[in-house]
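*Asks:* Below you'll find the structure I mean.
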Amino acid sequence: MPIGRVTQVVDCRQSMGMGKGGSLAQRGTISECRYPDVIVVAMSPGRRHVTKPICDITSALRQQGVEYSVSTLVLNAGSGIPPDAGKLGGAAIGANFGLNYREVEQIERHRVAVLHLGNVRSHVVAKVRSILEACDINAVVVSQAPIDYEDLAGEGVKTTFVMPQHDAIRTKGTVVAIVSGVTRGQTPTREKLADVIREVLQTMKET
């Protein structure tokens, strides 16, 4: 059992940081870890997409003993909505949300994915569906807006509590838990961090 300080080496910059103190990771960045157990996926940073809760979540997980197996991925095209979102996504201006082959490979290397994808409920649902269409992994969804398993299942996303009709399933991966009320750009409350940690640790036990 380690006593006192424990040194962790985290390779967390593909390009220069941005924001106050240069601390906010740029898009296309992954922080690698020794053992690929949990990956926390963040939107691309910007004025509206502040990825701050990601650092709090990864730090909290490491403090709870998952210290050598938590990676963080800042998506290269994590803004906007998937091009096939249709009416679900509503109107969106700018780039389309999507994953490249490298990001799919990085996510699938892990056992559990924590997906933090913003505030607009329809956008979160569309992005979760898009990620899990490409990635076969168990996911814990963290959002600001309240969403439920019916919202996801209605778009063909497999969940542990509500499944779409067999011929309507669109995803390889499965949503195993949802934690709503985590505000982007702000430090999550202890209760919300505890919820995320509990769901992740429970999922790791079952996979």
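Naming works like this for the structure tokens: A, B, ... for the chains as they're shown, residue 1 at the start of each chain, ligands 1 onward in shown order.
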Quick one: residues within 12 Å of Ala126 in chain A, only C-alpha atoms counted, chain neighbours fewer than 6 positions away excluded, as number ranges by chain?
*Replies:* A: 78-90, 96-98, 117-118, 120, 132-133, 147, 151-157, 170-171
*Asks:* Go ahead and save the picked residues with C-alpha atoms, as a PDB file, in the first residue's frame.
*Replies:*
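Listing of out-v8.pdb after writing:
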```
ATOM      1  CA  GLY A  78     -17.115  16.494 -30.643  1.00  0.00           C
ATOM      2  CA  SER A  79     -19.177  19.600 -31.390  1.00  0.00           C
ATOM      3  CA  GLY A  80     -22.491  19.793 -33.180  1.00  0.00           C
ATOM      4  CA  ILE A  81     -24.696  16.771 -33.861  1.00  0.00           C
ATOM      5  CA  PRO A  82     -24.285  13.643 -36.003  1.00  0.00           C
ATOM      6  CA  PRO A  83     -25.209  14.224 -39.663  1.00  0.00           C
ATOM      7  CA  ASP A  84     -27.878  11.499 -39.456  1.00  0.00           C
ATOM      8  CA  ALA A  85     -29.573  12.914 -36.327  1.00  0.00           C
ATOM      9  CA  GLY A  86     -32.510  14.246 -38.365  1.00  0.00           C
ATOM     10  CA  LYS A  87     -35.336  15.862 -36.392  1.00  0.00           C
ATOM     11  CA  LEU A  88     -33.940  14.478 -33.119  1.00  0.00           C
ATOM     12  CA  GLY A  89     -30.956  16.796 -33.216  1.00  0.00           C
ATOM     13  CA  GLY A  90     -32.856  19.936 -34.191  1.00  0.00           C
ATOM     14  CA  ASN A  96     -20.968  17.699 -37.522  1.00  0.00           C
ATOM     15  CA  PHE A  97     -20.296  15.404 -34.579  1.00  0.00           C
ATOM     16  CA  GLY A  98     -18.448  12.188 -35.395  1.00  0.00           C
ATOM     17  CA  LEU A 117     -21.713  15.172 -24.088  1.00  0.00           C
ATOM     18  CA  GLY A 118     -23.309  18.446 -23.074  1.00  0.00           C
ATOM     19  CA  VAL A 120     -29.154  19.740 -24.910  1.00  0.00           C
ATOM     20  CA  LEU A 132     -22.166   3.405 -29.427  1.00  0.00           C
ATOM     21  CA  GLU A 133     -22.990   2.624 -33.059  1.00  0.00           C
ATOM     22  CA  ILE A 147     -32.339  12.144 -19.941  1.00  0.00           C
ATOM     23  CA  ASP A 151     -35.066   8.529 -24.627  1.00  0.00           C
ATOM     24  CA  LEU A 152     -32.079   6.416 -25.616  1.00  0.00           C
ATOM     25  CA  ALA A 153     -33.988   3.234 -26.438  1.00  0.00           C
ATOM     26  CA  GLY A 154     -36.318   5.279 -28.641  1.00  0.00           C
ATOM     27  CA  GLU A 155     -33.323   6.049 -30.868  1.00  0.00           C
ATOM     28  CA  GLY A 156     -32.145   2.452 -31.022  1.00  0.00           C
ATOM     29  CA  VAL A 157     -29.603   2.637 -28.187  1.00  0.00           C
ATOM     30  CA  ARG A 170     -28.719   0.558 -33.832  1.00  0.00           C
ATOM     31  CA  THR A 171     -25.825   0.251 -31.386  1.00  0.00           C
TER      32      THR A 171
END
```
*Asks:* Please, which residues of range 89-164 of chain A, numbered as in this document, come out alpha helix (DSSP H) from DSSP, as number ranges by chain?
*Replies:* A: 101-108, 121-134, 149-153
*Asks:* Could you turn the residues from that selection into a file that holds C-alpha atoms, as a short mmCIF file (atom, residue, chain, number, x, y, z; two decimals), in the first residue's frame?
*Replies:*
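Output saved as part_24.cif:
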```cif
data_model
loop_
_atom_site.label_atom_id
_atom_site.label_comp_id
_atom_site.auth_asym_id
_atom_site.auth_seq_id
_atom_site.Cartn_x
_atom_site.Cartn_y
_atom_site.Cartn_z
CA TYR A 101 -11.19 5.35 -36.75
CA ARG A 102 -8.44 6.23 -34.26
CA GLU A 103 -10.93 7.40 -31.63
CA VAL A 104 -13.04 4.26 -32.08
CA GLU A 105 -9.93 2.16 -31.52
CA GLN A 106 -8.97 4.17 -28.43
CA ILE A 107 -12.44 3.85 -26.88
CA GLU A 108 -12.84 0.12 -27.57
CA ARG A 121 -31.07 16.52 -24.32
CA SER A 122 -31.70 15.66 -27.98
CA HIS A 123 -28.05 16.35 -28.83
CA VAL A 124 -26.82 14.12 -25.98
CA VAL A 125 -29.05 11.26 -27.14
CA ALA A 126 -27.88 11.62 -30.76
CA LYS A 127 -24.20 11.72 -29.75
CA VAL A 128 -24.51 8.70 -27.45
CA ARG A 129 -26.17 6.76 -30.24
CA SER A 130 -23.46 7.79 -32.70
CA ILE A 131 -20.62 6.74 -30.37
CA LEU A 132 -22.17 3.41 -29.43
CA GLU A 133 -22.99 2.62 -33.06
CA ALA A 134 -19.25 2.61 -33.69
CA TYR A 149 -33.38 5.17 -20.75
CA GLU A 150 -36.57 5.54 -22.79
CA ASP A 151 -35.07 8.53 -24.63
CA LEU A 152 -32.08 6.42 -25.62
CA ALA A 153 -33.99 3.23 -26.44
#
```
*Asks:* I need the residues of range 79-187 of chain A that end up classed as strand (DSSP E) by DSSP on the backbone, written out as an NGL selection string.
*Replies:* :A and (112-116 or 138-142 or 158-159 or 174-179)
*Asks:* Set out as a tab-separated table a contact list for range 71-179 of chain A and range 51-59 of chain A with a cut-off of 10 Å, giving each residue of range 71-179 of chain A that qualifies its closest atom pair and distance in Å to one decimal, counting only C-alpha atoms, ordered by chain and rising residue number.
*Replies:*
```
residue	atom	partner	partner_atom	distance
A:Ser71	CA	A:Thr58	CA	7.8
A:Thr72	CA	A:Thr58	CA	7.5
A:Leu73	CA	A:Ile54	CA	9.4
A:Val74	CA	A:Thr51	CA	8.4
A:Val114	CA	A:Ile57	CA	9.1
A:Leu115	CA	A:Ile54	CA	9.3
A:His116	CA	A:Ile54	CA	7.4
A:Leu117	CA	A:Thr51	CA	9.1
A:Gly118	CA	A:Thr51	CA	8.9
A:Val142	CA	A:Pro53	CA	9.6
```
*Asks:* Find, counting only C-alpha atoms, the residue in A:Arg198, A:Thr189, A:Ala145, A:Glu206 that gets nearest to Val66 in chain A.
*Replies:* A:Arg198
*Asks:* Just to confirm, what's the straight-line distance from CA of Lys158 in chain A to CA of Ile178 in chain A in Å (one decimal)?
*Replies:*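 Taking CA of Lys158 in chain A as the start and CA of Ile178 in chain A as the end point, the length is 12.8 Å.
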*Asks:* Which residue, A:Leu193, A:Leu61, A:Leu201, A:Leu75, has the smallest gap to Met43 in chain A when you use only C-alpha atoms?
*Replies:*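 Closest to Met43 in chain A of all the choices is A:Leu75.
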*Asks:* Nearest to Arg111 in chain A among A:Val200, A:Ala77, A:Val41, A:Val182, with distances taken over only C-alpha atoms: which residue is it?
*Replies:* A:Val200
*Asks:* Would you mind listing what lies within 10 Å of range 202-204 of chain A as a compact mmCIF listing (two decimals) with N, CA and C atoms, in the first residue's frame, with only C-alpha atoms counted and same-chain residues fewer than 4 positions away left out?
*Replies:*
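Produced file result-v6.txt, reproduced below:
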```txt
# COMPACT_ATOMS: atom_id res chain seq x y z
N ASP A 37 -8.80 0.54 -18.48
CA ASP A 37 -10.07 0.10 -17.91
C ASP A 37 -11.19 1.08 -18.21
N VAL A 38 -10.99 2.36 -17.86
CA VAL A 38 -12.03 3.38 -17.99
C VAL A 38 -11.54 4.50 -18.90
N ARG A 111 -12.69 -0.95 -20.92
CA ARG A 111 -13.81 -1.77 -20.46
C ARG A 111 -15.08 -0.94 -20.25
N VAL A 112 -14.92 0.32 -19.82
CA VAL A 112 -16.05 1.20 -19.52
C VAL A 112 -15.77 2.57 -20.10
N ALA A 113 -16.80 3.19 -20.70
CA ALA A 113 -16.67 4.56 -21.19
C ALA A 113 -17.61 5.47 -20.41
N ASN A 138 -19.49 -0.80 -22.77
CA ASN A 138 -20.49 -0.38 -21.78
C ASN A 138 -20.24 1.08 -21.43
N ALA A 139 -21.30 1.88 -21.40
CA ALA A 139 -21.14 3.32 -21.21
C ALA A 139 -21.96 3.86 -20.06
N VAL A 140 -21.36 4.79 -19.31
CA VAL A 140 -22.05 5.58 -18.29
C VAL A 140 -22.21 6.98 -18.88
N VAL A 176 -25.22 1.60 -19.56
CA VAL A 176 -25.48 0.86 -18.32
C VAL A 176 -25.94 1.78 -17.19
N ALA A 177 -25.71 3.09 -17.32
CA ALA A 177 -26.12 4.02 -16.26
C ALA A 177 -26.16 5.44 -16.81
N VAL A 196 -21.23 9.02 -10.16
CA VAL A 196 -20.44 8.57 -11.30
C VAL A 196 -19.48 7.46 -10.87
N ILE A 197 -18.78 7.67 -9.76
CA ILE A 197 -17.82 6.69 -9.28
C ILE A 197 -18.51 5.36 -8.99
N ARG A 198 -19.66 5.43 -8.32
CA ARG A 198 -20.38 4.19 -7.98
C ARG A 198 -20.77 3.42 -9.23
```
*Asks:* Closest to Asp136 in chain A among A:Pro164, A:Gly65, A:Gly173, A:Pro36, using only C-alpha atoms?
*Replies:*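 Closest to Asp136 in chain A of all the choices is A:Gly173.
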